[in-house]
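Asker: My structure file coords_19.tsv, TSV, C-alpha atoms, is below:
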```
chain	number	residue	atom	x	y	z
J	1	MET	CA	110.50	-33.68	-16.85
J	2	THR	CA	114.00	-34.40	-18.13
J	3	GLU	CA	116.84	-33.70	-15.73
J	4	PRO	CA	119.35	-31.17	-17.08
J	5	VAL	CA	122.50	-32.64	-18.59
J	6	ARG	CA	125.46	-32.21	-16.26
J	7	ILE	CA	128.42	-30.84	-18.21
J	8	LEU	CA	131.87	-30.21	-16.81
J	9	ALA	CA	133.81	-27.58	-18.79
J	10	ILE	CA	137.60	-27.56	-18.64
J	11	CYS	CA	139.78	-24.74	-19.95
J	12	GLY	CA	143.24	-25.67	-21.23
J	13	SER	CA	144.85	-22.30	-20.53
J	14	LEU	CA	145.71	-20.88	-17.11
J	15	ARG	CA	146.34	-17.34	-18.33
J	16	ALA	CA	143.89	-14.85	-16.83
J	17	GLY	CA	143.45	-13.03	-20.14
J	18	SER	CA	143.13	-16.24	-22.15
J	19	TYR	CA	140.86	-16.20	-25.19
J	20	ASN	CA	139.89	-19.75	-24.29
J	21	ALA	CA	138.84	-18.74	-20.79
J	22	ALA	CA	136.87	-15.96	-22.47
J	23	ALA	CA	135.25	-18.45	-24.84
J	24	LEU	CA	134.31	-20.63	-21.90
J	25	ARG	CA	132.72	-17.66	-20.12
J	26	ALA	CA	130.74	-16.97	-23.29
J	27	ILE	CA	129.58	-20.58	-23.37
J	28	VAL	CA	128.47	-20.47	-19.73
J	29	ALA	CA	126.62	-17.21	-20.43
J	30	LEU	CA	124.60	-18.95	-23.15
J	31	ALA	CA	122.79	-20.78	-20.36
J	32	THR	CA	121.76	-23.46	-22.84
J	33	GLU	CA	118.37	-24.97	-22.06
J	34	GLY	CA	118.53	-28.36	-20.43
J	35	VAL	CA	122.18	-27.98	-19.41
J	36	GLU	CA	123.73	-27.60	-15.98
J	37	MET	CA	127.33	-26.53	-16.42
J	38	ARG	CA	130.23	-26.49	-13.98
J	39	THR	CA	133.81	-25.51	-14.69
J	40	ALA	CA	136.82	-27.41	-13.39
J	41	GLY	CA	139.95	-25.73	-12.04
J	42	ILE	CA	143.09	-27.52	-13.17
J	43	GLY	CA	145.75	-24.95	-12.28
J	44	GLU	CA	146.38	-26.32	-8.78
J	45	LEU	CA	146.98	-29.90	-9.89
J	46	PRO	CA	150.49	-31.23	-9.32
J	47	LEU	CA	152.42	-32.69	-12.23
J	48	PHE	CA	151.19	-36.25	-12.67
J	49	ASN	CA	153.33	-38.75	-10.82
J	50	ALA	CA	152.16	-42.21	-9.83
J	51	ASP	CA	154.38	-41.97	-6.73
J	52	VAL	CA	152.46	-38.87	-5.59
J	53	GLU	CA	149.26	-40.77	-6.29
J	54	ALA	CA	150.41	-43.61	-4.06
J	55	ALA	CA	151.65	-41.31	-1.27
J	56	GLY	CA	148.44	-39.30	-0.90
J	57	LEU	CA	146.72	-36.84	-3.18
J	58	PRO	CA	146.76	-33.06	-2.92
J	59	PRO	CA	143.16	-31.73	-2.69
J	60	ALA	CA	142.99	-30.51	-6.29
J	61	VAL	CA	143.01	-34.12	-7.50
J	62	PRO	CA	139.96	-35.42	-5.60
J	63	ALA	CA	138.19	-32.14	-6.46
J	64	LEU	CA	138.70	-32.80	-10.17
J	65	ARG	CA	137.68	-36.41	-9.82
J	66	GLU	CA	134.55	-35.47	-7.87
J	67	ALA	CA	133.58	-33.05	-10.65
J	68	LEU	CA	134.20	-35.69	-13.32
J	69	GLY	CA	132.15	-38.18	-11.34
J	70	TRP	CA	129.28	-35.68	-11.27
J	71	ALA	CA	129.45	-34.95	-15.00
J	72	GLU	CA	127.72	-36.85	-17.77
J	73	GLY	CA	129.43	-34.73	-20.41
J	74	VAL	CA	132.81	-33.01	-20.67
J	75	LEU	CA	133.55	-29.87	-22.69
J	76	PHE	CA	137.17	-29.03	-23.44
J	77	VAL	CA	137.93	-25.42	-24.40
J	78	SER	CA	141.62	-25.18	-25.05
J	79	PRO	CA	144.38	-23.47	-26.97
J	80	GLU	CA	146.83	-25.42	-29.06
J	81	TYR	CA	150.42	-25.36	-27.81
J	82	ASN	CA	153.18	-26.56	-30.09
J	83	HIS	CA	150.69	-28.24	-32.44
J	84	SER	CA	149.10	-30.32	-29.68
J	85	ILE	CA	147.25	-30.41	-26.38
J	86	PRO	CA	148.64	-28.06	-23.72
J	87	GLY	CA	150.62	-29.95	-21.11
J	88	VAL	CA	148.45	-28.30	-18.49
J	89	LEU	CA	145.29	-29.87	-19.93
J	90	LYS	CA	146.91	-33.21	-20.65
J	91	ASN	CA	148.11	-33.33	-17.05
J	92	ALA	CA	144.52	-32.86	-15.87
J	93	ILE	CA	143.42	-35.63	-18.22
J	94	GLU	CA	146.04	-37.91	-16.68
J	95	TRP	CA	144.81	-37.24	-13.14
J	96	GLY	CA	141.19	-37.68	-14.20
J	97	SER	CA	141.87	-40.86	-16.13
J	98	ARG	CA	143.50	-42.52	-13.15
J	99	GLY	CA	140.62	-42.00	-10.79
J	100	PRO	CA	138.90	-45.05	-9.46
J	101	GLY	CA	135.71	-45.56	-11.47
J	102	ASP	CA	137.06	-44.84	-14.97
J	103	LEU	CA	135.64	-41.32	-14.76
J	104	PHE	CA	135.65	-40.42	-18.45
J	105	SER	CA	134.46	-43.76	-19.78
J	106	GLY	CA	131.27	-43.86	-21.80
J	107	LYS	CA	130.58	-40.14	-21.41
J	108	ALA	CA	129.80	-37.58	-24.07
J	109	ALA	CA	132.37	-34.88	-24.77
J	110	ALA	CA	133.06	-31.97	-27.06
J	111	VAL	CA	136.11	-29.90	-27.87
J	112	THR	CA	136.65	-26.39	-29.12
J	113	GLY	CA	139.40	-23.86	-28.86
J	114	ALA	CA	140.61	-20.42	-29.82
J	115	SER	CA	143.85	-19.17	-31.27
J	116	THR	CA	145.11	-15.91	-32.67
J	117	GLY	CA	146.19	-17.65	-35.88
J	118	ALA	CA	143.95	-19.09	-38.54
J	119	MET	CA	143.96	-22.71	-37.34
J	120	GLY	CA	141.89	-22.13	-34.22
J	121	SER	CA	143.25	-25.12	-32.28
J	122	SER	CA	142.52	-27.72	-34.96
J	123	ARG	CA	145.64	-29.80	-34.30
J	124	MET	CA	144.99	-29.78	-30.56
J	125	GLN	CA	141.50	-31.05	-31.32
J	126	ALA	CA	142.82	-33.85	-33.53
J	127	HIS	CA	145.20	-35.04	-30.81
J	128	LEU	CA	142.47	-34.84	-28.19
J	129	ARG	CA	140.33	-37.10	-30.38
J	130	ASN	CA	143.15	-39.64	-30.27
J	131	CYS	CA	143.29	-39.41	-26.47
J	132	ALA	CA	139.52	-39.81	-26.31
J	133	VAL	CA	139.95	-43.38	-27.54
J	134	SER	CA	142.02	-44.17	-24.47
J	135	LEU	CA	139.59	-42.32	-22.20
J	136	ASP	CA	136.55	-43.93	-23.88
J	137	LEU	CA	134.95	-40.52	-24.35
J	138	LEU	CA	132.37	-40.22	-27.11
J	139	LEU	CA	133.13	-36.94	-28.85
J	140	VAL	CA	130.67	-34.79	-30.73
J	141	ASN	CA	131.65	-34.79	-34.41
J	142	ARG	CA	129.49	-31.92	-35.69
J	143	PRO	CA	129.89	-29.03	-35.55
J	144	GLU	CA	133.66	-28.71	-35.40
J	145	VAL	CA	134.29	-25.30	-33.86
J	146	MET	CA	137.69	-23.71	-34.29
J	147	ILE	CA	137.89	-20.08	-33.19
J	148	GLY	CA	140.62	-18.61	-35.36
J	149	ARG	CA	141.78	-14.96	-35.21
J	150	ALA	CA	140.43	-14.71	-31.68
J	151	GLN	CA	141.75	-11.16	-31.31
J	152	ASP	CA	139.07	-10.07	-33.79
J	153	LYS	CA	136.28	-11.93	-31.97
J	154	PHE	CA	136.70	-10.85	-28.37
J	155	ASP	CA	136.98	-7.32	-27.04
J	156	ALA	CA	139.71	-6.05	-24.72
J	157	GLN	CA	137.69	-7.20	-21.70
J	158	GLY	CA	137.49	-10.76	-23.03
J	159	VAL	CA	133.86	-10.52	-24.05
J	160	LEU	CA	132.84	-12.43	-27.16
J	161	THR	CA	131.68	-9.92	-29.75
J	162	ASP	CA	131.48	-12.15	-32.81
J	163	GLU	CA	127.92	-13.33	-33.32
J	164	PRO	CA	128.66	-16.24	-35.70
J	165	THR	CA	131.09	-17.65	-33.13
J	166	ARG	CA	128.43	-17.41	-30.43
J	167	VAL	CA	125.99	-19.28	-32.66
J	168	TYR	CA	128.53	-22.05	-33.35
J	169	LEU	CA	129.40	-22.39	-29.66
J	170	GLY	CA	125.70	-22.67	-28.90
J	171	LYS	CA	125.30	-25.41	-31.49
J	172	LEU	CA	128.26	-27.26	-30.01
J	173	VAL	CA	126.79	-27.23	-26.50
J	174	VAL	CA	123.42	-28.36	-27.86
J	175	ALA	CA	125.10	-31.19	-29.75
J	176	LEU	CA	126.94	-32.22	-26.57
J	177	ARG	CA	123.72	-32.04	-24.55
J	178	ASP	CA	121.84	-34.11	-27.11
J	179	LEU	CA	124.56	-36.75	-27.35
J	180	ALA	CA	124.63	-37.03	-23.55
J	181	LEU	CA	120.86	-37.46	-23.57
J	182	ARG	CA	121.10	-40.23	-26.17
J	183	LEU	CA	123.66	-41.94	-23.98
J	184	ARG	CA	121.43	-41.91	-20.91
J	185	PRO	CA	120.11	-45.28	-19.95
J	186	ASN	CA	116.50	-45.85	-20.86
J	187	PRO	CA	114.25	-45.23	-17.87
F	1	MET	CA	189.57	-33.52	-33.00
F	2	THR	CA	185.77	-33.32	-33.13
F	3	GLU	CA	184.06	-31.94	-30.06
F	4	PRO	CA	181.58	-34.37	-28.49
F	5	VAL	CA	177.93	-33.84	-29.40
F	6	ARG	CA	176.02	-32.27	-26.52
F	7	ILE	CA	172.79	-34.19	-25.95
F	8	LEU	CA	170.14	-33.30	-23.40
F	9	ALA	CA	168.01	-36.28	-22.39
F	10	ILE	CA	164.53	-35.71	-20.98
F	11	CYS	CA	162.44	-38.39	-19.29
F	12	GLY	CA	158.66	-38.06	-19.59
F	13	SER	CA	157.84	-39.94	-16.38
F	14	LEU	CA	158.39	-38.68	-12.83
F	15	ARG	CA	157.86	-42.03	-11.15
F	16	ALA	CA	160.97	-43.25	-9.35
F	17	GLY	CA	160.50	-46.82	-10.57
F	18	SER	CA	159.69	-45.74	-14.14
F	19	TYR	CA	160.78	-48.05	-16.95
F	20	ASN	CA	161.51	-44.94	-18.98
F	21	ALA	CA	163.80	-43.56	-16.31
F	22	ALA	CA	165.45	-46.99	-16.32
F	23	ALA	CA	165.82	-46.87	-20.10
F	24	LEU	CA	167.40	-43.44	-19.83
F	25	ARG	CA	169.88	-44.73	-17.25
F	26	ALA	CA	170.74	-47.57	-19.61
F	27	ILE	CA	171.32	-45.07	-22.42
F	28	VAL	CA	173.60	-42.93	-20.24
F	29	ALA	CA	175.51	-46.07	-19.24
F	30	LEU	CA	176.25	-46.80	-22.90
F	31	ALA	CA	178.64	-43.84	-22.81
F	32	THR	CA	178.39	-43.58	-26.59
F	33	GLU	CA	181.60	-42.40	-28.21
F	34	GLY	CA	181.56	-38.77	-29.23
F	35	VAL	CA	178.58	-37.92	-27.03
F	36	GLU	CA	178.35	-35.78	-23.92
F	37	MET	CA	175.00	-36.39	-22.29
F	38	ARG	CA	173.14	-34.47	-19.63
F	39	THR	CA	169.69	-35.19	-18.26
F	40	ALA	CA	167.08	-32.53	-17.58
F	41	GLY	CA	164.86	-32.51	-14.50
F	42	ILE	CA	161.31	-31.49	-15.34
F	43	GLY	CA	159.49	-32.48	-12.17
F	44	GLU	CA	159.92	-29.11	-10.47
F	45	LEU	CA	158.50	-27.06	-13.33
F	46	PRO	CA	155.25	-25.23	-12.61
F	47	LEU	CA	152.27	-25.77	-14.87
F	48	PHE	CA	152.79	-23.55	-17.89
F	49	ASN	CA	151.11	-20.19	-17.53
F	50	ALA	CA	152.07	-17.10	-19.49
F	51	ASP	CA	151.09	-14.97	-16.47
F	52	VAL	CA	153.68	-16.81	-14.34
F	53	GLU	CA	156.17	-16.28	-17.14
F	54	ALA	CA	155.48	-12.55	-17.09
F	55	ALA	CA	155.59	-12.29	-13.27
F	56	GLY	CA	158.97	-14.00	-12.80
F	57	LEU	CA	160.12	-17.54	-13.36
F	58	PRO	CA	160.66	-20.21	-10.71
F	59	PRO	CA	164.26	-21.52	-10.93
F	60	ALA	CA	163.35	-24.79	-12.64
F	61	VAL	CA	162.44	-22.88	-15.80
F	62	PRO	CA	165.74	-21.07	-16.40
F	63	ALA	CA	167.54	-24.31	-15.45
F	64	LEU	CA	165.71	-26.16	-18.24
F	65	ARG	CA	166.31	-23.35	-20.68
F	66	GLU	CA	170.00	-23.20	-19.82
F	67	ALA	CA	170.28	-26.94	-20.47
F	68	LEU	CA	168.44	-26.61	-23.79
F	69	GLY	CA	170.71	-23.73	-24.76
F	70	TRP	CA	173.73	-25.93	-24.07
F	71	ALA	CA	172.39	-28.87	-26.09
F	72	GLU	CA	172.80	-29.47	-29.78
F	73	GLY	CA	170.58	-32.55	-29.63
F	74	VAL	CA	167.59	-33.57	-27.53
F	75	LEU	CA	166.63	-37.13	-26.62
F	76	PHE	CA	163.10	-37.79	-25.35
F	77	VAL	CA	162.54	-41.01	-23.40
F	78	SER	CA	158.94	-41.14	-22.42
F	79	PRO	CA	155.93	-43.30	-21.68
F	80	GLU	CA	152.68	-42.86	-23.53
F	81	TYR	CA	149.78	-41.62	-21.41
F	82	ASN	CA	146.25	-41.84	-22.80
F	83	HIS	CA	147.55	-42.42	-26.33
F	84	SER	CA	149.71	-39.29	-26.36
F	85	ILE	CA	152.55	-37.33	-24.80
F	86	PRO	CA	152.48	-37.19	-20.98
F	87	GLY	CA	151.26	-33.81	-19.76
F	88	VAL	CA	154.41	-33.64	-17.64
F	89	LEU	CA	156.63	-33.82	-20.73
F	90	LYS	CA	154.44	-31.57	-22.83
F	91	ASN	CA	154.54	-29.00	-20.03
F	92	ALA	CA	158.34	-29.04	-20.15
F	93	ILE	CA	158.22	-28.63	-23.93
F	94	GLU	CA	155.99	-25.58	-23.47
F	95	TRP	CA	158.43	-23.96	-21.05
F	96	GLY	CA	161.38	-24.76	-23.29
F	97	SER	CA	159.67	-23.55	-26.43
F	98	ARG	CA	158.94	-20.16	-24.91
F	99	GLY	CA	162.49	-19.40	-23.98
F	100	PRO	CA	164.16	-16.48	-25.62
F	101	GLY	CA	166.36	-17.82	-28.39
F	102	ASP	CA	164.01	-20.44	-29.85
F	103	LEU	CA	165.87	-23.12	-27.93
F	104	PHE	CA	164.72	-26.20	-29.86
F	105	SER	CA	164.93	-24.71	-33.32
F	106	GLY	CA	167.20	-26.37	-35.86
F	107	LYS	CA	168.46	-28.99	-33.41
F	108	ALA	CA	168.62	-32.74	-33.83
F	109	ALA	CA	166.34	-34.88	-31.69
F	110	ALA	CA	165.31	-38.46	-31.11
F	111	VAL	CA	162.47	-40.13	-29.29
F	112	THR	CA	162.01	-43.50	-27.67
F	113	GLY	CA	159.87	-44.87	-24.91
F	114	ALA	CA	158.87	-47.91	-22.92
F	115	SER	CA	155.51	-49.36	-22.01
F	116	THR	CA	154.30	-52.54	-20.40
F	117	GLY	CA	151.97	-53.19	-23.35
F	118	ALA	CA	152.95	-54.11	-26.86
F	119	MET	CA	152.86	-50.61	-28.39
F	120	GLY	CA	155.94	-49.31	-26.61
F	121	SER	CA	154.94	-45.64	-26.74
F	122	SER	CA	154.37	-45.52	-30.51
F	123	ARG	CA	151.41	-43.13	-30.36
F	124	MET	CA	153.30	-40.79	-28.00
F	125	GLN	CA	156.13	-40.81	-30.54
F	126	ALA	CA	153.77	-39.96	-33.41
F	127	HIS	CA	152.33	-36.99	-31.52
F	128	LEU	CA	155.79	-35.81	-30.53
F	129	ARG	CA	156.74	-35.80	-34.21
F	130	ASN	CA	153.81	-33.45	-34.82
F	131	CYS	CA	155.01	-31.15	-32.04
F	132	ALA	CA	158.52	-31.24	-33.48
F	133	VAL	CA	157.24	-29.31	-36.49
F	134	SER	CA	156.26	-26.45	-34.21
F	135	LEU	CA	159.52	-26.69	-32.28
F	136	ASP	CA	161.56	-26.97	-35.50
F	137	LEU	CA	163.34	-30.04	-34.17
F	138	LEU	CA	164.86	-32.39	-36.74
F	139	LEU	CA	163.97	-35.88	-35.53
F	140	VAL	CA	165.91	-39.04	-36.26
F	141	ASN	CA	163.73	-41.30	-38.42
F	142	ARG	CA	165.68	-44.54	-38.17
F	143	PRO	CA	165.75	-46.59	-36.06
F	144	GLU	CA	162.33	-46.22	-34.48
F	145	VAL	CA	162.72	-47.70	-31.00
F	146	MET	CA	159.60	-48.72	-29.10
F	147	ILE	CA	160.28	-50.71	-25.93
F	148	GLY	CA	157.19	-52.86	-25.54
F	149	ARG	CA	156.64	-55.33	-22.68
F	150	ALA	CA	159.15	-53.42	-20.58
F	151	GLN	CA	158.50	-55.67	-17.57
F	152	ASP	CA	160.31	-58.43	-19.47
F	153	LYS	CA	163.29	-56.24	-20.39
F	154	PHE	CA	164.25	-54.66	-17.08
F	155	ASP	CA	164.91	-56.41	-13.80
F	156	ALA	CA	163.34	-55.49	-10.46
F	157	GLN	CA	166.09	-52.95	-9.84
F	158	GLY	CA	165.35	-51.16	-13.12
F	159	VAL	CA	168.43	-52.48	-14.90
F	160	LEU	CA	168.05	-53.19	-18.60
F	161	THR	CA	168.58	-56.90	-19.14
F	162	ASP	CA	167.42	-57.25	-22.73
F	163	GLU	CA	170.40	-57.17	-25.05
F	164	PRO	CA	168.52	-56.42	-28.32
F	165	THR	CA	166.95	-53.38	-26.65
F	166	ARG	CA	170.38	-52.17	-25.56
F	167	VAL	CA	171.65	-52.53	-29.13
F	168	TYR	CA	168.68	-50.56	-30.52
F	169	LEU	CA	169.08	-47.81	-27.94
F	170	GLY	CA	172.74	-47.57	-28.85
F	171	LYS	CA	171.88	-47.26	-32.53
F	172	LEU	CA	169.39	-44.54	-31.72
F	173	VAL	CA	171.97	-42.48	-29.81
F	174	VAL	CA	174.49	-42.95	-32.61
F	175	ALA	CA	171.89	-41.81	-35.16
F	176	LEU	CA	171.14	-38.76	-33.05
F	177	ARG	CA	174.84	-38.00	-32.64
F	178	ASP	CA	175.45	-38.34	-36.37
F	179	LEU	CA	172.48	-36.17	-37.31
F	180	ALA	CA	173.67	-33.48	-34.88
F	181	LEU	CA	177.12	-33.67	-36.46
F	182	ARG	CA	175.66	-33.23	-39.95
F	183	LEU	CA	173.78	-30.19	-38.68
F	184	ARG	CA	176.92	-28.53	-37.33
F	185	PRO	CA	178.05	-25.55	-39.31
F	186	ASN	CA	181.06	-26.20	-41.52
F	187	PRO	CA	184.23	-25.00	-39.85
```
Starting from the coordinates I provided, produce the structure as structure tokens.
Answerer:
Amino acid sequence: MTEPVRILAICGSLRAGSYNAAALRAIVALATEGVEMRTAGIGELPLFNADVEAAGLPPAVPALREALGWAEGVLFVSPEYNHSIPGVLKNAIEWGSRGPGDLFSGKAAAVTGASTGAMGSSRMQAHLRNCAVSLDLLLVNRPEVMIGRAQDKFDAQGVLTDEPTRVYLGKLVVALRDLALRLRPNP
Amino acid sequence: MTEPVRILAICGSLRAGSYNAAALRAIVALATEGVEMRTAGIGELPLFNADVEAAGLPPAVPALREALGWAEGVLFVSPEYNHSIPGVLKNAIEWGSRGPGDLFSGKAAAVTGASTGAMGSSRMQAHLRNCAVSLDLLLVNRPEVMIGRAQDKFDAQGVLTDEPTRVYLGKLVVALRDLALRLRPNP
């Protein structure tokens, strides 16, 4: 029997009422077959500083690195801030990328995001694809899932109410799972 | 007599021995005619979180916003992390962009950066130009200054020793000053 694919999901917004956190909850609730999903907390990370790294790491850093070490796939669910990746998420990427063991390298990944405008995080996603080259992440190309007009797709409690969005998010997780499976070494 | 152009310089690396911090010191030391330069500290900013913003800001945030309010031009001196803008710098941009008063909008800006490789921060600069659209910053186009192979251009004490680099940095500050002057309202 095939072991479930271990996916680490990272949310790029720290806001409690975030549409992206809500989208991530909806993804977890899908309980996609053959997937074991964990979420990473990135809100306690310090600002990246190689001097801090040399002096001794606060616990949030080894916790993130442990989670990345566990994962065979990474799922980014993030807003777009100022036409790019939120600093909060990029900071987490920095800490993860510096871990001993090249923690992102060769792994499968996927990206999605929600916004209240029409773009649905598309420019964030484009920049993240550039960063993925440096990280050596292999990103799912299809489907591309941008959740625009999020205020019409989640209710006031942050529950996803839009069925087409749920279907697309499901397809994205399946695509990530299947890419991770293809990347597994032959037994 | 023309008032000096008020430029706020922001370094994208927090490392004490950073080549970018060294480049910024070299720029300040140029004491370019007609320029008053301040530097912004961004290492004490919290990770951006709209909930923190709503609950009450730690002092580093109003300090950054005050400095941005003072400035008529912004100079970014930053490394490239994972093919993009350091999370640390992007986080500062987020806090600045959310200030009341649209603190970047309509201002002149310039970007440069140092790296130990050949690229000299070029991909960071490209992404920052994308963000500048959102911020409504008007970025200097010429010269483009990428400081590649920084280890050959600064000494062990972080003093810029490469004369062509000093000349380029001077031209960049002059271009930023002149763009800011063109953007001043007619008296």
Asker: From the options J:Pro62, J:Gly87, J:Gly106, J:Gly73, which residue's atoms come nearest to Leu14 (chain J), counting all atoms listed in the file?
Answerer: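 Under the stated criterion, the closest residue is J:Gly87.
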Asker: Find the residues near Pro79 (chain J): any atom within 12 Å, counting all atoms listed in the file, skip ones fewer than 3 places away on the same chain, and give them as a PyMOL selection string.
Answerer: chain J and resi 10-15+18-24+76+82-90+111-117+119-125+128+146-148+150
Asker: Please determine, counting all atoms listed in the file, which residue among J:Asp155, J:Glu163, J:Glu53, J:Asp178 has the shortest atom-to-atom distance to chain F.
Answerer: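 Looking at the shortest contact to chain F, the residue is J:Glu53.
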Asker: Out of J:Leu47, J:Leu160, J:Leu181, J:Val61, which residue has the shortest atom-to-atom distance to Ala92 (chain F) when counting all atoms listed in the file?
Answerer: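 For Ala92 (chain F), the nearest of the candidates is J:Leu47.
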Asker: If I take CA of Gly41 (chain F) and CA of Val74 (chain F), how far is one from the other in Å, to one decimal?
Answerer: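 Going from CA of Gly41 (chain F) over to CA of Val74 (chain F), I get 13.4 Å.
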Asker: Would you compute the distance between CA of Ala9 (chain J) and CA of Leu139 (chain J)? Give it in Å to one decimal.
Answerer: 13.8 Å
Asker: What does the structure give for the distance between CA of Val174 (chain F) and CA of Leu45 (chain F), in Å to one decimal?
Answerer: 29.7 Å
Asker: Residues within 9 Å of Trp70 (chain J), please, as a ChimeraX atom specification. Count only C-alpha atoms; anything in the same chain fewer than 6 positions from it doesn't count.
Answerer: /J:6-8
Asker: Which one is closest to Val5 (chain F): F:Leu64, F:Ala71, F:Val35, F:Ala50? Count only C-alpha atoms.
Answerer: F:Val35
Asker: Give me the residues within 10 Å of Leu137 (chain F) as a list in words, counting only C-alpha atoms and dropping any in the same chain fewer than 2 places off.
Answerer: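 After dropping sequence-adjacent residues, the list is Gly73, Val74, Leu103, Phe104, Ser105, Gly106, Lys107, Ala108, Ala109, Ala110, Arg129, Cys131, Ala132, Val133, Ser134, Leu135, Leu139 and Val140 of chain F.
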Asker: So which residues touch Trp95 (chain J) within 8 Å, counting all atoms listed in the file, skipping near sequence neighbours fewer than 3 positions away, as a list of chain:residue names?
Answerer: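 Listed by chain and then number, they are J:Phe48, J:Val61, J:Arg65, J:Asn91, J:Ala92, J:Arg98, J:Gly99.
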Asker: Ranking F:His127, F:Arg184, F:Arg38, F:Arg25 by minimum distance to chain J and counting only C-alpha atoms, which one comes first?
Answerer: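 Counting only C-alpha atoms, the residue closest to chain J is F:His127.
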Asker: Under the rule that all atoms listed in the file are counted, which of J:Ile93, J:Ala54, J:Leu176, J:Val159 is the nearest residue to Leu75 (chain J)?
Answerer: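 Distance minimum relative to Leu75 (chain J) lands on J:Leu176.
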